[in-house]
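Contents: one structure, followed by commentary.
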Amino acid sequence: MTLFKKAGYATVHGLGHLLWPGICVNCDSNLAETASALCADCWSQLASLCTPDYCRRCGRDVSKYGIYGDSCPNCQGKEIHFDAIARAGIYDDVLRNIILAFKHTKTELDLVLAGLINSALQTSSFGGEIDLFVPVPLHWRRRLTRGYNQSHILTKKLTHQAKISTDLVRIRFTKFQPDMLTAAGRAKNVAGAFAVRYKHPFEGRRICLVDDVKTTGATLNECARTLKEAGASRVFALVLAVAGQKV
């Protein structure tokens, strides 16, 4: 780049920042020129939500002293079809706001969320065991309405070398899960909603499901059950956030 072009670029860039200053995606405050997506206060809040102490079986917050065997009090005795879970943080405050914005319109937030989900995978107990990544699928009607599958976008941002498979599909249109108030209602809503394509690659493989949020785990559980019925040897779950910490 010539000196003239560099000067022109700097002028345009500076003018653009003056006329259209960056806005924090969470609190709408003006950003420093070197900041991206979040202001310093929101980055600090986000860090407080991304804690390392959680149950590796269900994903809920728990002290390391609250684990008995491989489970926390919340998930002991429950049937969980995925073998382990990794999460970036708690579905609350800043992280919830970013995920909701990403899920509905602001796909550019994948740059922020990519760092979170890659960190979650790197600190997981199963990062070295994955053969395939499988994004939790949307039904084609919801995919058509939204325009994209946020779980697939997240999966493509992973730096892990394992390939991505979209051979798990949603075959039944279900009610929007947040509208289901009980864990039993959510499980019933997604029962039988997934299937695998003919000549799928899951037989004997170790699969990692990728999704944005785990609430009761009904969707991940049904996906994992379907994959294991298709011959997957192990199924793990990777999510940005786990909700329902106070339930």
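Each chain in the structure tokens gets a letter, A, B, ..., in the order shown, and its residues are numbered from 1; ligands are numbered from 1 in order too.
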Shell of 12 Å around range 124-126 of chain A, only C-alpha atoms, local chain residues under 2 positions omitted, as a PDB file with C-alpha atoms, in the first residue's frame:
ATOM      1  CA  PRO A  52     -14.595 -23.179  35.173  1.00  0.00           C
ATOM      2  CA  ASP A  53     -16.482 -24.826  38.041  1.00  0.00           C
ATOM      3  CA  TYR A  54     -19.398 -26.768  36.597  1.00  0.00           C
ATOM      4  CA  CYS A  55     -20.673 -30.332  36.408  1.00  0.00           C
ATOM      5  CA  ARG A  56     -19.101 -32.069  33.397  1.00  0.00           C
ATOM      6  CA  ARG A  57     -22.167 -34.321  33.134  1.00  0.00           C
ATOM      7  CA  GLY A  59     -23.199 -28.356  32.780  1.00  0.00           C
ATOM      8  CA  ASP A  70     -19.132 -37.997  37.887  1.00  0.00           C
ATOM      9  CA  PHE A  82     -24.600 -37.608  26.091  1.00  0.00           C
ATOM     10  CA  ASP A  83     -21.417 -38.722  27.834  1.00  0.00           C
ATOM     11  CA  ALA A  84     -20.046 -35.319  28.875  1.00  0.00           C
ATOM     12  CA  ILE A  85     -20.637 -31.635  28.311  1.00  0.00           C
ATOM     13  CA  ALA A  86     -18.467 -28.528  27.975  1.00  0.00           C
ATOM     14  CA  ARG A  87     -19.782 -24.979  28.225  1.00  0.00           C
ATOM     15  CA  ALA A  88     -18.455 -21.464  27.936  1.00  0.00           C
ATOM     16  CA  ILE A 117     -16.792 -21.814  22.388  1.00  0.00           C
ATOM     17  CA  ASN A 118     -13.228 -22.662  21.343  1.00  0.00           C
ATOM     18  CA  SER A 119     -12.036 -21.999  24.891  1.00  0.00           C
ATOM     19  CA  ALA A 120     -14.792 -24.234  26.234  1.00  0.00           C
ATOM     20  CA  LEU A 121     -13.705 -27.058  23.963  1.00  0.00           C
ATOM     21  CA  GLN A 122     -10.021 -26.625  24.812  1.00  0.00           C
ATOM     22  CA  GLY A 128      -8.922 -35.081  22.005  1.00  0.00           C
ATOM     23  CA  GLU A 129     -11.553 -37.755  21.414  1.00  0.00           C
ATOM     24  CA  ILE A 130     -13.778 -36.134  18.782  1.00  0.00           C
ATOM     25  CA  ASP A 131     -14.178 -37.704  15.344  1.00  0.00           C
ATOM     26  CA  HIS A 160     -10.525 -28.294  15.990  1.00  0.00           C
ATOM     27  CA  ARG A 206     -17.195 -40.233  18.665  1.00  0.00           C
ATOM     28  CA  ILE A 207     -19.526 -37.303  18.051  1.00  0.00           C
ATOM     29  CA  CYS A 208     -19.623 -33.817  19.536  1.00  0.00           C
ATOM     30  CA  ARG A 234     -19.803 -41.826  22.321  1.00  0.00           C
ATOM     31  CA  VAL A 235     -21.614 -38.493  22.143  1.00  0.00           C
ATOM     32  CA  PHE A 236     -20.442 -35.281  23.776  1.00  0.00           C
ATOM     33  CA  ALA A 237     -22.100 -31.862  23.988  1.00  0.00           C
ATOM     34  CA  LEU A 238     -20.532 -28.432  23.499  1.00  0.00           C
ATOM     35  CA  VAL A 239     -22.577 -25.300  24.219  1.00  0.00           C
TER      36      VAL A 239
END
Handout entry: Spatial neighbours of Arg172 in chain A, max dist 7 Å, only C-alpha atoms, sep filter under 2 positions, as a list of chain:residue names
Key =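 So the residues in contact are A:His139, A:Arg170, A:Thr174, A:Ala193.
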Handout entry: Expected answer as a ChimeraX atom specification: strand (DSSP E) residues in range 115-243 of chain A
Key = /A:132-135,163-164,168-170,194-196,206-214,234-242
Exercise for the section: Can you pull out every residue within 8 Å of range 41-46 of chain A, counting only C-alpha atoms, but drop anything in the same chain fewer than 3 positions away, and send it as a list of chain:residue names? Expected result: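 Using only C-alpha atoms, the neighbours found are A:Asn26, A:Cys27, A:Leu38, A:Leu49, A:Cys50, A:Val94, A:Leu95.
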Completion exercise
Computed gap from CA of Arg143 in chain A to CA of Val25 in chain A is 24.1 Å
Practice task
Calculate how many Å separate CA of Val62 in chain A from CA of Lys214 in chain A, rounding to one decimal.
Solution key: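 Interatomic distance, CA of Val62 in chain A to CA of Lys214 in chain A: 15.8 Å.
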Practice task
Could you jot down the CA of Gln150 in chain A to CA of Glu229 in chain A separation for me, Å, one decimal place?
Solution key: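 Between CA of Gln150 in chain A and CA of Glu229 in chain A the gap works out to 25.4 Å.
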Problem - Top pick for closest residue to Arg186 in chain A, considering A:Ile80, A:Leu31, A:Ala218, A:Leu240 and counting only C-alpha atoms - result: A:Ala218
Practice task
Excluding Cys223 in chain A and residues on its chain fewer than 3 positions from it, collect all residues at most 12 Å away from it, counting only C-alpha atoms, and give them as a ChimeraX atom specification.
Solution key: /A:80-82,134-138,167-171,187,190-196,207-211,217-220,226-230,232,235-237
Selected residues written out, C-alpha atoms, as a short mmCIF file (atom, residue, chain, number, x, y, z; two decimals), in the first residue's frame:
data_model
loop_
_atom_site.label_atom_id
_atom_site.label_comp_id
_atom_site.auth_asym_id
_atom_site.auth_seq_id
_atom_site.Cartn_x
_atom_site.Cartn_y
_atom_site.Cartn_z
CA ILE A 80 -28.49 -38.39 30.22
CA HIS A 81 -27.62 -39.81 26.80
CA PHE A 82 -24.60 -37.61 26.09
CA VAL A 134 -22.63 -32.29 14.55
CA PRO A 135 -24.53 -29.00 14.89
CA VAL A 136 -27.97 -29.42 16.46
CA PRO A 137 -30.26 -29.13 13.44
CA LEU A 138 -33.21 -26.80 12.87
CA ASP A 167 -26.41 -35.96 8.64
CA LEU A 168 -28.46 -35.52 11.81
CA VAL A 169 -31.74 -33.88 10.77
CA ARG A 170 -34.89 -32.64 12.46
CA ILE A 171 -37.81 -34.47 10.88
CA ALA A 187 -38.67 -33.81 26.52
CA VAL A 190 -38.65 -33.20 20.98
CA ALA A 191 -39.25 -36.96 21.39
CA GLY A 192 -38.78 -38.60 17.98
CA ALA A 193 -38.01 -35.26 16.34
CA PHE A 194 -34.59 -36.27 14.98
CA ALA A 195 -33.27 -38.87 12.55
CA VAL A 196 -30.09 -39.63 10.63
CA ILE A 207 -19.53 -37.30 18.05
CA CYS A 208 -19.62 -33.82 19.54
CA LEU A 209 -22.99 -32.05 19.35
CA VAL A 210 -22.79 -28.25 19.15
CA ASP A 211 -25.56 -25.89 20.27
CA GLY A 217 -31.02 -30.70 28.08
CA ALA A 218 -34.04 -32.25 26.34
CA THR A 219 -32.89 -31.37 22.82
CA LEU A 220 -29.28 -32.47 23.36
CA THR A 226 -30.66 -40.71 18.09
CA LEU A 227 -26.94 -40.72 17.33
CA LYS A 228 -26.26 -43.64 19.64
CA GLU A 229 -29.11 -45.61 18.10
CA ALA A 230 -27.39 -44.93 14.77
CA ALA A 232 -22.18 -43.65 17.58
CA VAL A 235 -21.61 -38.49 22.14
CA PHE A 236 -20.44 -35.28 23.78
CA ALA A 237 -22.10 -31.86 23.99
#
Exercise for the section: Go through A:Leu109, A:Ile67, A:Ala114, A:Ala184 one by one, measure the shortest atom-to-atom distance of each to Lys156 in chain A using only C-alpha atoms, and give the residue with the smallest value. Expected result: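 Among A:Leu109, A:Ile67, A:Ala114, A:Ala184, it is A:Ala114 that comes nearest to Lys156 in chain A.
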Problem - Selected residue, from A:Tyr198, A:Tyr65, A:Tyr91, A:Phe102, that lies nearest to Ala37 in chain A when counting only C-alpha atoms - result: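 Residue with the minimum atom-to-atom distance to Ala37 in chain A: A:Phe102.
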Exercise for the section: Have a look at A:Cys72, A:Leu100, A:Cys24, A:Ala183 and name the one nearest to Ala241 in chain A; count only C-alpha atoms. Expected result: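 Ranked by minimum distance to Ala241 in chain A, first place goes to A:Leu100.
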